[in-house]
Each structure stands twice: as structure tokens, then as C-alpha cells.
Amino acid sequence: MGGTLNRNQLNHFVSVEALTNEEVLSLIQRSEELKNGATPIRLHHEDKYAVNLFFENSTRTHKSFEMAETKLGMKVIDFEPSLSSLSKGESLYDTVLTLSAIGLDVAVIRHSSQDFYQELIDSPSITCSIINGGDGASQHPSQCLLDLMTIYEEFGYFENLKIAIVGDLTHSRVARSNMQMLKRLGATIFFSGPLEWYDDSFNQYGQNVPLDDLIDKVDVVMLLRVQHERHETYGNFSKTAYLNRYGLNEERERKMLDHAIIMHPAPVNRGVELQGSLVECARSRIVTQMTNGVYTRMAILEAVLEK
Ligand code: CP
């Protein structure tokens, strides 16, 4: 994590792998406190400047970071990649070097390149904190943290929870971050979905099982968006065929354990990963995930501002 200091003090927030379990649990606890109305560590951060650089489209991550920055009293500097000197060929490195030099404290970045952040956090010239808002199909650490918060809020523990991660696994940075952390925190992971979107490297985290063999046994069904932007099709299936074979329809939902919950990082392809009527059903936590995203991002920002 680019050099961790004390509790809730981080130089950067770029990957969940580099966080200890204690740091993860501490950030979840802080997110809960903030959700329950706790005062931010420093009441005002008006001397702190944030910039959000999104090179891939985003609604939730971009706007909830902006909301979190605003709630903490930070100043948010506008940045639109197409209007910047990136269009003249300036590199990401030189762009962030510039933003750091002019006084930005935190840069939240989403980029299609895997590990884009490495050269930024390795540079002695870049002094702002880097937060990874998603790098290609590799990691989505703030989504992971908000997912963990949502699960912890529901169950109060991770040990031995049975969690099914279902769908477009190979293209999903959410799945990669979540399988690593959930396994480390003691949950039992199952995977399901089209075999062409499964990679044997996932075997170290869990077992690949047909959804119908899992649906009445797991505590959490975590559905993944089919990543249109990273491939062209639904595999060999129509949307309806995908839903019926790999998705969560009402018939499967009725078989879920009474206490089991549905999660999805969103945006949702309604009628593909899950039937539209289930997005806001009683056991869905999809809207809660969005709300929790603001508080986890406040906790992340606090941790890097307190470094
Ligand atoms: N879950 C998620 O990352 O959504 P956005 O792409 O809208 O940020």
C-alpha cells in the first residue's frame, strides 16, 4: 500500500493486497462510524485539494469520491482528460507530476492500464497521495472496501461466510479484489458463470460450481456486470439465455436462504445478470452498496490525509 504508517494512515490506496486484515477492519469500522454520524477526524479539510482523473467512464466511483471529498470539506479541482494536455500527448505520469507540483494533495485515478499507479507511487517527485479508482481488469480496491463494509454490516463477521461470485469473472476488477480479501478474511468463496470467463488462477481462492448447486447454500450472491467495454458479446448467449443459465432470476431467488443477500457493484445490466425486479427487492443490498461507497471513500481519504 505504498508504505503504511499507523492505524488508518496510508500513503496511497492502490490495492487491497497490500493492506493487512487489521487495516481493512479498521477502515470498515471507520466507515461505519462516519455512516453513523461521526465527525471527520479533522473537522475541516479546506486546505486539502483533491483531483479526480477518470479515463474510463464512471458514475458511482467518481461521484461518490466527489461526495466524500466535499463532505470532508476538501476542495475538488475539476479535471477533464479530453480538455487537458493529455490530448497533446502528455503522459499520465507527467500529468500527475504537474498536478502534484501545483499543490494537489490527493489524486483519485481510474485508468484502463493495469498497475498504472506503480510508477506514480514509486516517483520521489510525485508527493500527492494516489487512490486507485480501478485499473483495467486488475483491482478496484475502494469497491472492495465498500463491499466488505456492506457484508460486515449485514453479518458482523466474515469467517466461514459462504459467498458466491457470479458472472464475468475474468474481466472484473471487482471480482479480483473481492476474492483476495474475502478469502483472507476467512470467507469461503464459490465461483459461477460461463467457463470462458473463468481463469484457473481463481482456483486458489475458491471452487467453480454451477449456480443451481449453490443458490440454496450461500449467504451472499455477488453478481458481476457483463463487461461490454472489455469484450463484444454475452459469450455465445442472448441476454435472456444468459439470465436463465447464469443469472439470478426470481425462481432462483426464491431458493436462496432466508437471510441471504444479493450484491452487485453496478451498473446493472437489468435482465442479464439479474432479473430487473430483483434489483430493489428485500434481500438486495445494491442500493446500500452505493450509499456505503461514500462512507468508505471518506474513510480512505481520511487515512491518506492523516499520513
Ligand atoms: N461500481 C462501479 O465502479 O461503478 P462505476 O463504474 O459507475 O464507478
# chains A, B, ... in the order shown; residues from 1 in each chain; ligands from 1
$ select_by_dssp --residues "region 48-108 of chain A" --states "strand (DSSP E)" --output "short mmCIF file (atom, residue, chain, number, x, y, z; two decimals) with N, CA, C and O atoms, in the first residue's frame"
data_model
loop_
_atom_site.label_atom_id
_atom_site.label_comp_id
_atom_site.auth_asym_id
_atom_site.auth_seq_id
_atom_site.Cartn_x
_atom_site.Cartn_y
_atom_site.Cartn_z
N TYR A 49 -6.56 19.58 -1.17
CA TYR A 49 -7.08 19.62 -2.55
C TYR A 49 -7.10 18.23 -3.17
O TYR A 49 -6.10 17.51 -3.08
N ALA A 50 -8.22 17.91 -3.78
CA ALA A 50 -8.36 16.61 -4.45
C ALA A 50 -8.63 16.82 -5.94
O ALA A 50 -9.25 17.81 -6.34
N VAL A 51 -8.14 15.88 -6.75
CA VAL A 51 -8.48 15.88 -8.17
C VAL A 51 -8.88 14.45 -8.54
O VAL A 51 -8.29 13.49 -8.05
N ASN A 52 -9.91 14.33 -9.35
CA ASN A 52 -10.40 13.01 -9.76
C ASN A 52 -10.18 12.86 -11.26
O ASN A 52 -10.77 13.59 -12.05
N LEU A 53 -9.29 11.93 -11.63
CA LEU A 53 -8.94 11.73 -13.04
C LEU A 53 -9.56 10.42 -13.51
O LEU A 53 -9.06 9.35 -13.15
N PHE A 54 -10.62 10.51 -14.25
CA PHE A 54 -11.31 9.30 -14.71
C PHE A 54 -11.14 9.16 -16.21
O PHE A 54 -11.72 9.92 -16.99
N LYS A 75 -11.29 20.78 -1.09
CA LYS A 75 -11.55 21.48 -2.35
C LYS A 75 -11.30 20.50 -3.49
O LYS A 75 -10.28 19.81 -3.51
N VAL A 76 -12.26 20.42 -4.41
CA VAL A 76 -12.17 19.47 -5.51
C VAL A 76 -11.86 20.23 -6.79
O VAL A 76 -12.62 21.12 -7.20
N ILE A 77 -10.73 19.90 -7.39
CA ILE A 77 -10.29 20.58 -8.61
C ILE A 77 -10.79 19.79 -9.82
O ILE A 77 -10.58 18.57 -9.90
N VAL A 106 -4.34 14.89 -3.14
CA VAL A 106 -4.85 13.56 -3.43
C VAL A 106 -5.29 13.49 -4.89
O VAL A 106 -6.01 14.39 -5.35
N ALA A 107 -4.88 12.43 -5.60
CA ALA A 107 -5.37 12.19 -6.96
C ALA A 107 -6.07 10.84 -6.99
O ALA A 107 -5.44 9.81 -6.69
N VAL A 108 -7.36 10.86 -7.28
CA VAL A 108 -8.12 9.61 -7.47
C VAL A 108 -8.10 9.33 -8.97
O VAL A 108 -8.51 10.18 -9.76
#
$ closest_atom_pairs --of "chain A" --to "ligand 1" --cutoff "8 Å" --atoms "only C-alpha atoms and all ligand atoms" --output "tab-separated table"
residue	atom	partner	partner_atom_place_in_ligand_line	distance
A:Glu56	CA	ligand 1	6 (O)	8.0
A:Asn57	CA	ligand 1	6 (O)	6.2
A:Ser58	CA	ligand 1	7 (O)	3.8
A:Thr59	CA	ligand 1	7 (O)	3.6
A:Arg60	CA	ligand 1	7 (O)	3.9
A:Thr61	CA	ligand 1	8 (O)	3.6
A:His62	CA	ligand 1	8 (O)	5.8
A:Lys63	CA	ligand 1	8 (O)	7.8
A:Gly133	CA	ligand 1	3 (O)	7.7
A:Gly134	CA	ligand 1	3 (O)	7.3
A:His140	CA	ligand 1	3 (O)	7.4
A:Gln143	CA	ligand 1	1 (N)	6.4
A:Val174	CA	ligand 1	1 (N)	7.9
A:Pro265	CA	ligand 1	1 (N)	4.3
A:Ala266	CA	ligand 1	1 (N)	4.8
A:Pro267	CA	ligand 1	4 (O)	5.8
$ select_by_dssp --residues "region 123-178 of chain A" --states "alpha helix (DSSP H)" --output "list in words"
Pro141, Ser142, Gln143, Cys144, Leu145, Leu146, Asp147, Leu148, Met149, Thr150, Ile151, Tyr152, Glu153, Glu154, Phe155, Arg173, Val174, Ala175, Arg176, Ser177 and Asn178 of chain A
$ write_last_selection --atoms "N, CA, C and O atoms" --output "PDB file, in the first residue's frame"
ATOM      1  N   PRO A 141     -10.000  -1.364  -5.498  1.00  0.00           N
ATOM      2  CA  PRO A 141      -9.916  -1.507  -4.043  1.00  0.00           C
ATOM      3  C   PRO A 141     -10.986  -0.751  -3.257  1.00  0.00           C
ATOM      4  O   PRO A 141     -11.422  -1.242  -2.208  1.00  0.00           O
ATOM      5  N   SER A 142     -11.442   0.408  -3.741  1.00  0.00           N
ATOM      6  CA  SER A 142     -12.474   1.112  -2.957  1.00  0.00           C
ATOM      7  C   SER A 142     -13.822   0.405  -3.074  1.00  0.00           C
ATOM      8  O   SER A 142     -14.606   0.385  -2.121  1.00  0.00           O
ATOM      9  N   GLN A 143     -14.083  -0.231  -4.229  1.00  0.00           N
ATOM     10  CA  GLN A 143     -15.301  -1.045  -4.364  1.00  0.00           C
ATOM     11  C   GLN A 143     -15.226  -2.244  -3.427  1.00  0.00           C
ATOM     12  O   GLN A 143     -16.205  -2.602  -2.771  1.00  0.00           O
ATOM     13  N   CYS A 144     -14.040  -2.841  -3.336  1.00  0.00           N
ATOM     14  CA  CYS A 144     -13.847  -3.984  -2.437  1.00  0.00           C
ATOM     15  C   CYS A 144     -14.175  -3.570  -1.005  1.00  0.00           C
ATOM     16  O   CYS A 144     -14.910  -4.263  -0.301  1.00  0.00           O
ATOM     17  N   LEU A 145     -13.656  -2.424  -0.602  1.00  0.00           N
ATOM     18  CA  LEU A 145     -13.879  -1.985   0.776  1.00  0.00           C
ATOM     19  C   LEU A 145     -15.361  -1.721   1.046  1.00  0.00           C
ATOM     20  O   LEU A 145     -15.884  -2.083   2.101  1.00  0.00           O
ATOM     21  N   LEU A 146     -16.056  -1.125   0.090  1.00  0.00           N
ATOM     22  CA  LEU A 146     -17.484  -0.864   0.317  1.00  0.00           C
ATOM     23  C   LEU A 146     -18.285  -2.168   0.301  1.00  0.00           C
ATOM     24  O   LEU A 146     -19.280  -2.311   1.021  1.00  0.00           O
ATOM     25  N   ASP A 147     -17.838  -3.136  -0.490  1.00  0.00           N
ATOM     26  CA  ASP A 147     -18.493  -4.452  -0.482  1.00  0.00           C
ATOM     27  C   ASP A 147     -18.274  -5.143   0.864  1.00  0.00           C
ATOM     28  O   ASP A 147     -19.194  -5.728   1.442  1.00  0.00           O
ATOM     29  N   LEU A 148     -17.037  -5.059   1.369  1.00  0.00           N
ATOM     30  CA  LEU A 148     -16.742  -5.659   2.674  1.00  0.00           C
ATOM     31  C   LEU A 148     -17.567  -4.981   3.767  1.00  0.00           C
ATOM     32  O   LEU A 148     -18.112  -5.636   4.651  1.00  0.00           O
ATOM     33  N   MET A 149     -17.662  -3.657   3.688  1.00  0.00           N
ATOM     34  CA  MET A 149     -18.467  -2.927   4.689  1.00  0.00           C
ATOM     35  C   MET A 149     -19.916  -3.410   4.655  1.00  0.00           C
ATOM     36  O   MET A 149     -20.549  -3.626   5.687  1.00  0.00           O
ATOM     37  N   THR A 150     -20.448  -3.590   3.446  1.00  0.00           N
ATOM     38  CA  THR A 150     -21.854  -3.993   3.293  1.00  0.00           C
ATOM     39  C   THR A 150     -22.064  -5.398   3.868  1.00  0.00           C
ATOM     40  O   THR A 150     -23.079  -5.662   4.535  1.00  0.00           O
ATOM     41  N   ILE A 151     -21.119  -6.292   3.632  1.00  0.00           N
ATOM     42  CA  ILE A 151     -21.223  -7.662   4.170  1.00  0.00           C
ATOM     43  C   ILE A 151     -21.090  -7.630   5.689  1.00  0.00           C
ATOM     44  O   ILE A 151     -21.860  -8.273   6.416  1.00  0.00           O
ATOM     45  N   TYR A 152     -20.145  -6.853   6.190  1.00  0.00           N
ATOM     46  CA  TYR A 152     -19.911  -6.784   7.641  1.00  0.00           C
ATOM     47  C   TYR A 152     -21.129  -6.177   8.353  1.00  0.00           C
ATOM     48  O   TYR A 152     -21.534  -6.624   9.417  1.00  0.00           O
ATOM     49  N   GLU A 153     -21.712  -5.162   7.718  1.00  0.00           N
ATOM     50  CA  GLU A 153     -22.911  -4.512   8.276  1.00  0.00           C
ATOM     51  C   GLU A 153     -24.040  -5.541   8.415  1.00  0.00           C
ATOM     52  O   GLU A 153     -24.822  -5.514   9.358  1.00  0.00           O
ATOM     53  N   GLU A 154     -24.099  -6.467   7.467  1.00  0.00           N
ATOM     54  CA  GLU A 154     -25.177  -7.452   7.440  1.00  0.00           C
ATOM     55  C   GLU A 154     -24.949  -8.571   8.457  1.00  0.00           C
ATOM     56  O   GLU A 154     -25.855  -8.963   9.180  1.00  0.00           O
ATOM     57  N   PHE A 155     -23.701  -9.096   8.477  1.00  0.00           N
ATOM     58  CA  PHE A 155     -23.446 -10.320   9.245  1.00  0.00           C
ATOM     59  C   PHE A 155     -22.588 -10.086  10.493  1.00  0.00           C
ATOM     60  O   PHE A 155     -22.615 -10.897  11.417  1.00  0.00           O
ATOM     61  N   ARG A 173     -12.461  -6.347 -12.315  1.00  0.00           N
ATOM     62  CA  ARG A 173     -11.512  -5.935 -11.270  1.00  0.00           C
ATOM     63  C   ARG A 173     -12.166  -6.061  -9.892  1.00  0.00           C
ATOM     64  O   ARG A 173     -11.483  -6.282  -8.893  1.00  0.00           O
ATOM     65  N   VAL A 174     -13.494  -5.929  -9.836  1.00  0.00           N
ATOM     66  CA  VAL A 174     -14.199  -6.078  -8.559  1.00  0.00           C
ATOM     67  C   VAL A 174     -14.009  -7.503  -8.040  1.00  0.00           C
ATOM     68  O   VAL A 174     -13.694  -7.722  -6.867  1.00  0.00           O
ATOM     69  N   ALA A 175     -14.168  -8.482  -8.943  1.00  0.00           N
ATOM     70  CA  ALA A 175     -14.034  -9.886  -8.532  1.00  0.00           C
ATOM     71  C   ALA A 175     -12.633 -10.161  -8.012  1.00  0.00           C
ATOM     72  O   ALA A 175     -12.465 -10.814  -6.978  1.00  0.00           O
ATOM     73  N   ARG A 176     -11.610  -9.654  -8.694  1.00  0.00           N
ATOM     74  CA  ARG A 176     -10.223  -9.919  -8.272  1.00  0.00           C
ATOM     75  C   ARG A 176      -9.961  -9.372  -6.877  1.00  0.00           C
ATOM     76  O   ARG A 176      -9.397 -10.040  -6.022  1.00  0.00           O
ATOM     77  N   SER A 177     -10.347  -8.111  -6.653  1.00  0.00           N
ATOM     78  CA  SER A 177     -10.127  -7.515  -5.333  1.00  0.00           C
ATOM     79  C   SER A 177     -10.905  -8.289  -4.265  1.00  0.00           C
ATOM     80  O   SER A 177     -10.379  -8.594  -3.196  1.00  0.00           O
ATOM     81  N   ASN A 178     -12.164  -8.607  -4.556  1.00  0.00           N
ATOM     82  CA  ASN A 178     -13.007  -9.227  -3.534  1.00  0.00           C
ATOM     83  C   ASN A 178     -12.593 -10.656  -3.212  1.00  0.00           C
ATOM     84  O   ASN A 178     -12.621 -11.068  -2.052  1.00  0.00           O
TER      85      ASN A 178
END
$ closest_residue --among "A:Leu305, A:Val220, A:Ala241, A:Ile215" --to "Lys255 (chain A)" --atoms "only C-alpha atoms"
A:Ile215
$ residues_around --residues "region 157-162 of chain A" --least-positions-apart "3" --cutoff "7 Å" --atoms "only C-alpha atoms" --output "PyMOL selection string"
chain A and resi 152+185-189+218-220
